[in-house]
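**Student:** See structure26.cif below, with mmCIF, N, CA and C atoms.
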```cif
data_entry
#
loop_
_atom_site.label_atom_id
_atom_site.label_comp_id
_atom_site.auth_asym_id
_atom_site.auth_seq_id
_atom_site.Cartn_x
_atom_site.Cartn_y
_atom_site.Cartn_z
N MET A 9 32.27 150.82 153.11
CA MET A 9 32.48 149.65 152.31
C MET A 9 32.43 150.07 150.84
N THR A 10 33.43 149.69 150.12
CA THR A 10 33.47 149.97 148.69
C THR A 10 32.92 148.77 147.92
N LEU A 11 32.77 148.96 146.63
CA LEU A 11 32.31 147.87 145.77
C LEU A 11 33.27 146.69 145.83
N ASP A 12 34.56 146.98 145.79
CA ASP A 12 35.57 145.90 145.85
C ASP A 12 35.50 145.13 147.16
N GLU A 13 35.31 145.84 148.26
CA GLU A 13 35.22 145.17 149.57
C GLU A 13 34.01 144.25 149.64
N LEU A 14 32.88 144.72 149.10
CA LEU A 14 31.68 143.88 149.11
C LEU A 14 31.87 142.65 148.22
N GLU A 15 32.52 142.83 147.08
CA GLU A 15 32.81 141.70 146.20
C GLU A 15 33.69 140.67 146.92
N GLN A 16 34.69 141.15 147.67
CA GLN A 16 35.57 140.24 148.41
C GLN A 16 34.82 139.49 149.50
N GLU A 17 33.90 140.18 150.18
CA GLU A 17 33.11 139.51 151.21
C GLU A 17 32.22 138.44 150.60
N LEU A 18 31.62 138.72 149.44
CA LEU A 18 30.80 137.71 148.77
C LEU A 18 31.64 136.53 148.32
N ALA A 19 32.83 136.81 147.79
CA ALA A 19 33.71 135.74 147.31
C ALA A 19 34.16 134.85 148.46
N ALA A 20 34.25 135.41 149.66
CA ALA A 20 34.67 134.62 150.83
C ALA A 20 33.53 133.78 151.40
N ASP A 21 32.31 134.06 150.99
CA ASP A 21 31.15 133.32 151.49
C ASP A 21 31.17 131.90 150.93
N ALA A 22 31.09 130.92 151.80
CA ALA A 22 31.18 129.51 151.40
C ALA A 22 30.02 129.09 150.49
N SER A 23 28.90 129.79 150.56
CA SER A 23 27.75 129.44 149.73
C SER A 23 28.03 129.60 148.25
N PHE A 24 28.94 130.51 147.91
CA PHE A 24 29.17 130.84 146.51
C PHE A 24 30.50 130.33 145.97
N THR A 25 31.38 129.87 146.84
CA THR A 25 32.72 129.47 146.42
C THR A 25 32.65 128.38 145.36
N GLY A 26 33.25 128.65 144.23
CA GLY A 26 33.30 127.69 143.14
C GLY A 26 32.09 127.71 142.23
N PHE A 27 31.06 128.47 142.57
CA PHE A 27 29.85 128.49 141.76
C PHE A 27 29.67 129.79 140.98
N LEU A 28 30.22 130.88 141.50
CA LEU A 28 30.08 132.18 140.85
C LEU A 28 31.44 132.70 140.40
N SER A 29 31.44 133.45 139.32
CA SER A 29 32.68 134.03 138.80
C SER A 29 32.86 135.44 139.37
N ALA A 30 33.99 136.04 139.12
CA ALA A 30 34.27 137.39 139.59
C ALA A 30 33.26 138.38 139.02
N SER A 31 32.89 138.20 137.76
CA SER A 31 31.91 139.11 137.17
C SER A 31 30.52 138.92 137.79
N ASP A 32 30.23 137.70 138.25
CA ASP A 32 28.96 137.46 138.94
C ASP A 32 28.92 138.22 140.26
N TYR A 33 30.04 138.23 140.99
CA TYR A 33 30.09 138.99 142.25
C TYR A 33 29.86 140.47 142.00
N THR A 34 30.48 140.98 140.96
CA THR A 34 30.30 142.40 140.62
C THR A 34 28.84 142.67 140.28
N SER A 35 28.25 141.80 139.49
CA SER A 35 26.85 141.96 139.11
C SER A 35 25.93 141.95 140.33
N CYS A 36 26.18 141.05 141.26
CA CYS A 36 25.37 140.97 142.49
C CYS A 36 25.46 142.27 143.29
N CYS A 37 26.66 142.79 143.41
CA CYS A 37 26.88 144.01 144.20
C CYS A 37 26.23 145.22 143.53
N VAL A 38 26.36 145.32 142.23
CA VAL A 38 25.77 146.44 141.50
C VAL A 38 24.24 146.35 141.55
N ASP A 39 23.69 145.15 141.41
CA ASP A 39 22.24 144.97 141.51
C ASP A 39 21.73 145.35 142.90
N ALA A 40 22.47 144.99 143.93
CA ALA A 40 22.08 145.35 145.30
C ALA A 40 22.11 146.86 145.49
N SER A 41 23.11 147.51 144.93
CA SER A 41 23.21 148.97 145.02
C SER A 41 22.04 149.64 144.31
N ARG A 42 21.69 149.14 143.15
CA ARG A 42 20.54 149.70 142.41
C ARG A 42 19.24 149.47 143.16
N GLU A 43 19.11 148.28 143.72
CA GLU A 43 17.87 147.93 144.41
C GLU A 43 17.65 148.78 145.64
N THR A 44 18.70 149.01 146.42
CA THR A 44 18.56 149.79 147.65
C THR A 44 18.63 151.29 147.39
N GLY A 45 19.23 151.67 146.27
CA GLY A 45 19.37 153.09 145.97
C GLY A 45 20.57 153.72 146.65
N TRP A 46 21.47 152.90 147.20
CA TRP A 46 22.64 153.42 147.90
C TRP A 46 23.87 153.30 147.01
N ASP A 47 24.66 154.36 147.00
CA ASP A 47 25.88 154.37 146.19
C ASP A 47 27.07 153.98 147.05
N PHE A 48 28.09 153.45 146.40
CA PHE A 48 29.35 153.12 147.07
C PHE A 48 30.19 154.38 147.17
N PRO A 49 30.97 154.56 148.20
CA PRO A 49 31.15 153.70 149.37
C PRO A 49 30.02 153.91 150.38
N VAL A 50 29.71 152.86 151.12
CA VAL A 50 28.68 152.89 152.16
C VAL A 50 29.39 152.83 153.50
N THR A 51 29.10 153.79 154.38
CA THR A 51 29.79 153.85 155.68
C THR A 51 28.88 153.46 156.84
N ASP A 52 27.58 153.61 156.70
CA ASP A 52 26.64 153.28 157.76
C ASP A 52 26.55 151.77 157.92
N ASN A 53 26.67 151.28 159.16
CA ASN A 53 26.66 149.83 159.41
C ASN A 53 25.35 149.18 158.99
N PHE A 54 24.24 149.85 159.21
CA PHE A 54 22.94 149.32 158.82
C PHE A 54 22.89 149.13 157.30
N LYS A 55 23.34 150.13 156.56
CA LYS A 55 23.33 150.04 155.11
C LYS A 55 24.31 148.97 154.62
N ARG A 56 25.45 148.84 155.29
CA ARG A 56 26.42 147.80 154.91
C ARG A 56 25.80 146.42 155.05
N LEU A 57 25.11 146.20 156.17
CA LEU A 57 24.48 144.91 156.42
C LEU A 57 23.45 144.58 155.35
N TRP A 58 22.58 145.53 155.03
CA TRP A 58 21.52 145.24 154.08
C TRP A 58 22.01 145.24 152.65
N LEU A 59 23.04 145.98 152.35
CA LEU A 59 23.63 145.90 151.01
C LEU A 59 24.25 144.53 150.79
N LYS A 60 24.94 144.02 151.82
CA LYS A 60 25.53 142.68 151.71
C LYS A 60 24.43 141.62 151.62
N ASN A 61 23.37 141.78 152.40
CA ASN A 61 22.26 140.84 152.38
C ASN A 61 21.60 140.80 151.01
N ARG A 62 21.38 141.94 150.40
CA ARG A 62 20.75 141.98 149.09
C ARG A 62 21.69 141.46 148.01
N ALA A 63 23.00 141.70 148.16
CA ALA A 63 23.97 141.16 147.20
C ALA A 63 23.96 139.63 147.28
N LYS A 64 23.88 139.09 148.49
CA LYS A 64 23.80 137.64 148.65
C LYS A 64 22.52 137.10 148.01
N ARG A 65 21.43 137.84 148.17
CA ARG A 65 20.16 137.43 147.57
C ARG A 65 20.31 137.32 146.05
N HIS A 66 20.99 138.30 145.45
CA HIS A 66 21.18 138.26 144.01
C HIS A 66 22.12 137.11 143.62
N GLY A 67 23.06 136.76 144.49
CA GLY A 67 23.91 135.60 144.27
C GLY A 67 23.11 134.31 144.28
N TYR A 68 22.20 134.21 145.24
CA TYR A 68 21.33 133.03 145.28
C TYR A 68 20.43 132.96 144.05
N PHE A 69 20.02 134.12 143.56
CA PHE A 69 19.21 134.13 142.35
C PHE A 69 20.01 133.58 141.16
N LEU A 70 21.29 133.95 141.08
CA LEU A 70 22.13 133.40 140.01
C LEU A 70 22.26 131.88 140.14
N LEU A 71 22.46 131.40 141.37
CA LEU A 71 22.54 129.95 141.59
C LEU A 71 21.22 129.27 141.25
N TRP A 72 20.14 129.95 141.56
CA TRP A 72 18.80 129.42 141.29
C TRP A 72 18.60 129.24 139.80
N THR A 73 18.99 130.25 139.03
CA THR A 73 18.83 130.15 137.58
C THR A 73 19.78 129.11 136.99
N GLN A 74 20.96 128.95 137.59
CA GLN A 74 21.87 127.90 137.12
C GLN A 74 21.29 126.51 137.43
N ALA A 75 20.64 126.38 138.58
CA ALA A 75 20.07 125.09 138.96
C ALA A 75 18.86 124.74 138.10
N ALA A 76 18.22 125.74 137.52
CA ALA A 76 17.02 125.49 136.73
C ALA A 76 17.31 124.62 135.51
N ARG A 77 18.47 124.75 134.92
CA ARG A 77 18.77 123.96 133.74
C ARG A 77 19.26 122.55 134.09
N LYS A 78 19.51 122.28 135.35
CA LYS A 78 19.92 120.95 135.79
C LYS A 78 18.74 120.25 136.48
N PHE A 79 17.57 120.51 135.98
CA PHE A 79 16.36 120.08 136.68
C PHE A 79 16.10 118.59 136.58
N LYS A 80 16.40 117.96 135.46
CA LYS A 80 16.11 116.54 135.30
C LYS A 80 17.33 115.79 134.81
N PHE A 81 17.44 114.57 135.27
CA PHE A 81 18.46 113.65 134.77
C PHE A 81 17.74 112.36 134.42
N GLU A 82 17.61 112.10 133.15
CA GLU A 82 16.80 111.00 132.67
C GLU A 82 15.40 111.12 133.25
N GLN A 83 14.96 110.22 134.09
CA GLN A 83 13.62 110.32 134.66
C GLN A 83 13.63 110.74 136.13
N ILE A 84 14.79 111.13 136.64
CA ILE A 84 14.89 111.49 138.05
C ILE A 84 14.81 113.01 138.18
N ASN A 85 13.91 113.51 139.01
CA ASN A 85 13.80 114.94 139.24
C ASN A 85 14.82 115.39 140.27
N LEU A 86 15.53 116.43 139.93
CA LEU A 86 16.52 117.00 140.84
C LEU A 86 16.09 118.41 141.25
N ASN A 87 14.85 118.55 141.65
CA ASN A 87 14.32 119.87 141.92
C ASN A 87 14.55 120.36 143.35
N GLN A 88 15.15 119.56 144.23
CA GLN A 88 15.34 119.99 145.61
C GLN A 88 16.21 121.25 145.67
N ARG A 89 17.33 121.25 144.94
CA ARG A 89 18.22 122.40 144.95
C ARG A 89 17.48 123.63 144.45
N PHE A 90 16.75 123.46 143.38
CA PHE A 90 15.98 124.56 142.79
C PHE A 90 14.97 125.09 143.80
N ASP A 91 14.24 124.21 144.45
CA ASP A 91 13.24 124.62 145.45
C ASP A 91 13.88 125.32 146.63
N HIS A 92 15.02 124.84 147.08
CA HIS A 92 15.69 125.44 148.23
C HIS A 92 16.15 126.86 147.92
N TYR A 93 16.72 127.06 146.74
CA TYR A 93 17.13 128.42 146.36
C TYR A 93 15.92 129.35 146.29
N GLY A 94 14.82 128.84 145.75
CA GLY A 94 13.60 129.64 145.69
C GLY A 94 13.12 130.05 147.06
N GLU A 95 13.17 129.13 148.01
CA GLU A 95 12.76 129.44 149.38
C GLU A 95 13.69 130.47 150.04
N ILE A 96 14.99 130.33 149.82
CA ILE A 96 15.95 131.28 150.37
C ILE A 96 15.67 132.68 149.82
N ILE A 97 15.47 132.77 148.51
CA ILE A 97 15.21 134.06 147.89
C ILE A 97 13.92 134.67 148.42
N LYS A 98 12.87 133.85 148.57
CA LYS A 98 11.60 134.36 149.09
C LYS A 98 11.76 134.88 150.52
N LYS A 99 12.47 134.15 151.37
CA LYS A 99 12.67 134.58 152.75
C LYS A 99 13.49 135.87 152.80
N MET A 100 14.50 135.98 151.95
CA MET A 100 15.33 137.19 151.94
C MET A 100 14.52 138.39 151.44
N ASP A 101 13.67 138.18 150.43
CA ASP A 101 12.82 139.27 149.93
C ASP A 101 11.81 139.70 150.98
N ASP A 102 11.23 138.72 151.70
CA ASP A 102 10.28 139.05 152.76
C ASP A 102 10.95 139.85 153.87
N ALA A 103 12.17 139.46 154.26
CA ALA A 103 12.90 140.19 155.29
C ALA A 103 13.21 141.61 154.83
N PHE A 104 13.52 141.78 153.55
CA PHE A 104 13.81 143.11 153.01
C PHE A 104 12.57 143.98 153.03
N GLU A 105 11.41 143.42 152.71
CA GLU A 105 10.16 144.18 152.76
C GLU A 105 9.87 144.64 154.19
N VAL A 106 10.10 143.76 155.16
CA VAL A 106 9.87 144.11 156.57
C VAL A 106 10.80 145.23 157.00
N ILE A 107 12.07 145.15 156.63
CA ILE A 107 13.03 146.15 157.06
C ILE A 107 12.75 147.49 156.38
N LYS A 108 12.25 147.46 155.14
CA LYS A 108 11.89 148.72 154.47
C LYS A 108 10.73 149.39 155.19
N ASP A 109 9.79 148.59 155.70
CA ASP A 109 8.67 149.15 156.45
C ASP A 109 9.10 149.68 157.81
N GLU A 110 10.06 149.02 158.46
CA GLU A 110 10.51 149.44 159.78
C GLU A 110 11.37 150.70 159.73
N TYR A 111 12.14 150.87 158.67
CA TYR A 111 13.05 152.02 158.54
C TYR A 111 12.78 152.76 157.24
N PRO A 112 11.62 153.38 157.09
CA PRO A 112 11.30 154.04 155.81
C PRO A 112 12.20 155.24 155.52
N GLU A 113 12.75 155.86 156.56
CA GLU A 113 13.60 157.04 156.34
C GLU A 113 14.91 156.69 155.63
N ILE A 114 15.33 155.45 155.75
CA ILE A 114 16.58 155.03 155.09
C ILE A 114 16.32 154.66 153.64
N PHE A 115 15.11 154.25 153.33
CA PHE A 115 14.77 153.82 151.98
C PHE A 115 13.87 154.84 151.29
N LEU A 116 14.14 156.12 151.49
CA LEU A 116 13.30 157.18 150.94
C LEU A 116 13.27 157.20 149.41
N ASN A 117 14.36 156.81 148.79
CA ASN A 117 14.44 156.93 147.34
C ASN A 117 13.81 155.77 146.59
N LEU A 118 13.23 154.80 147.30
CA LEU A 118 12.55 153.69 146.64
C LEU A 118 11.08 154.00 146.50
N ASP A 119 10.49 153.63 145.38
CA ASP A 119 9.05 153.78 145.20
C ASP A 119 8.34 152.76 146.08
N SER A 120 7.26 153.18 146.71
CA SER A 120 6.52 152.25 147.55
C SER A 120 5.74 151.24 146.71
N ASP A 121 5.43 151.60 145.45
CA ASP A 121 4.66 150.70 144.60
C ASP A 121 5.50 149.56 144.05
N SER A 122 6.77 149.82 143.80
CA SER A 122 7.59 148.78 143.19
C SER A 122 8.50 148.15 144.22
N LYS A 123 8.67 146.84 144.09
CA LYS A 123 9.55 146.15 145.03
C LYS A 123 11.00 146.42 144.69
N VAL A 124 11.33 146.40 143.42
CA VAL A 124 12.71 146.57 143.01
C VAL A 124 12.76 147.51 141.82
N LYS A 125 13.63 148.53 141.90
CA LYS A 125 13.84 149.42 140.76
C LYS A 125 15.17 149.04 140.13
N MET A 126 15.09 148.17 139.14
CA MET A 126 16.31 147.68 138.52
C MET A 126 16.62 148.37 137.20
N PHE A 127 15.63 148.98 136.58
CA PHE A 127 15.85 149.57 135.27
C PHE A 127 15.41 151.03 135.28
N GLY A 128 15.95 151.81 134.37
CA GLY A 128 15.62 153.22 134.29
C GLY A 128 14.31 153.45 133.55
N ASP A 129 13.96 154.72 133.39
CA ASP A 129 12.75 155.08 132.66
C ASP A 129 12.99 154.93 131.16
N VAL A 130 11.93 154.60 130.46
CA VAL A 130 12.01 154.44 129.01
C VAL A 130 11.27 155.61 128.37
N VAL A 131 11.93 156.28 127.47
CA VAL A 131 11.31 157.37 126.72
C VAL A 131 11.10 156.87 125.30
N GLY A 132 9.86 156.82 124.90
CA GLY A 132 9.54 156.32 123.57
C GLY A 132 9.86 157.34 122.49
N THR A 133 9.69 156.92 121.25
CA THR A 133 9.99 157.78 120.11
C THR A 133 8.86 158.74 119.82
N GLY A 134 7.66 158.44 120.30
CA GLY A 134 6.51 159.29 120.03
C GLY A 134 5.79 158.90 118.75
N LEU A 135 6.28 157.89 118.07
CA LEU A 135 5.65 157.45 116.84
C LEU A 135 4.48 156.53 117.17
N VAL A 136 3.43 156.59 116.34
CA VAL A 136 2.24 155.78 116.55
C VAL A 136 1.98 154.99 115.28
N TYR A 137 1.71 153.69 115.44
CA TYR A 137 1.46 152.82 114.30
C TYR A 137 0.07 152.21 114.43
N ASP A 138 -0.59 151.98 113.29
CA ASP A 138 -1.87 151.29 113.33
C ASP A 138 -1.62 149.78 113.32
N LEU A 139 -2.69 148.99 113.24
CA LEU A 139 -2.56 147.53 113.31
C LEU A 139 -1.79 146.93 112.15
N THR A 140 -1.73 147.64 111.04
CA THR A 140 -1.00 147.13 109.88
C THR A 140 0.46 147.54 109.89
N GLY A 141 0.86 148.37 110.85
CA GLY A 141 2.25 148.81 110.94
C GLY A 141 2.51 150.12 110.22
N LYS A 142 1.46 150.77 109.74
CA LYS A 142 1.62 152.04 109.03
C LYS A 142 1.75 153.19 110.06
N ASP A 143 2.69 154.10 109.80
CA ASP A 143 2.91 155.25 110.69
C ASP A 143 1.71 156.20 110.56
N VAL A 144 1.00 156.41 111.66
CA VAL A 144 -0.16 157.32 111.67
C VAL A 144 0.06 158.45 112.67
N THR A 145 1.30 158.77 112.95
CA THR A 145 1.63 159.78 113.95
C THR A 145 1.03 161.14 113.59
N ARG A 146 1.13 161.55 112.35
CA ARG A 146 0.69 162.90 111.96
C ARG A 146 -0.83 163.04 111.99
N PHE A 147 -1.57 161.91 111.98
CA PHE A 147 -3.02 161.96 111.98
C PHE A 147 -3.61 162.05 113.39
N ILE A 148 -2.80 161.79 114.39
CA ILE A 148 -3.29 161.81 115.78
C ILE A 148 -3.02 163.19 116.36
N GLU A 149 -4.03 163.76 116.96
CA GLU A 149 -3.87 165.09 117.53
C GLU A 149 -3.89 165.02 119.03
#
```
Can you present the structure in this file as structure tokens?

**Tutor:**
Amino acid sequence: MTLDELEQELAADASFTGFLSASDYTSCCVDASRETGWDFPVTDNFKRLWLKNRAKRHGYFLLWTQAARKFKFEQINLNQRFDHYGEIIKKMDDAFEVIKDEYPEIFLNLDSDSKVKMFGDVVGTGLVYDLTGKDVTRFIE
């Protein structure tokens, strides 16, 4: 399965039709790839299933964040949609944690301490500042 094929499968999913844009589908697929640590193309059926599942999870997260701003209308709370997306995301994350424990050999490149590795390492400048903002780098040994 290539990135384009996964995007097409997500676009065909009735849950997302009309709610997500083409760039949203790409974002979901790339986030799923980063989260699982698997690169495209994916040929193993198990990896295809879980890559699609995680991409859908990221799609639901996008819908969840979109629903957050539609939370109230005058004095009527419209939080059911928001709550339902939250529950779906929680169930999908729980299922992913279970599957990572059942098949650790497939998820070797994920840290056991972190649930999701979405960002790279940060290398600082090495500069040190005191409370007033003055550079004190040369004074520290």

**Student:** Could you tell me, as a list in words, exactly which residues end up selected when the PyMOL selection byres ((chain A and resi 33-50) around 6) is applied to this structure?

**Tutor:**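 Output from the PyMOL selection byres ((chain A and resi 33-50) around 6), applied to this file: Met9, Thr10, Leu11, Glu15, Leu28, Ser29, Ala30, Ser31, Asp32, Thr51, Asp52, Arg56, Leu59, Arg62, Ala63, His66, Gly67, Val124, Lys125 and Met126 of chain A.
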
**Student:** Hey, can you check how far atom N of Ala75 in chain A sits from atom N of Ala103 in chain A?

**Tutor:** 22.1 Å

**Student:** For atom C of Lys99 in chain A and CA of Leu57 in chain A, determine how far apart the two atoms are, in Å to one decimal place.

**Tutor:**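 Between these atoms lies a distance of 14.7 Å.
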
**Student:** Pick out the residues sitting within 7 Å of Lys60 in chain A, and hand them over as a ChimeraX atom specification; count all atoms listed in the file, and ignore anything fewer than 5 positions along from it in its own chain.

**Tutor:** /A:14,55,65

**Student:** Hey, can you check how far CA of Leu116 in chain A sits from CA of Tyr93 in chain A?

**Tutor:**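 Result for CA of Leu116 in chain A versus CA of Tyr93 in chain A: 29.4 Å, one decimal.
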
**Student:** To test your reading of the syntax: which residues would the PyMOL selection byres (((chain A and resi 22-27 and name CA) around 9) and name CA) return for the file shown? Reply as a PyMOL selection string.

**Tutor:** chain A and resi 18-21+28-29+64+67-68+71

**Student:** Pick the closest to Ile97 in chain A from A:Phe69, A:Thr140, A:Gln74, A:Pro112: which is it, counting all atoms listed in the file?

**Tutor:**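 With all atoms listed in the file as the atom set, the closest residue is A:Phe69.
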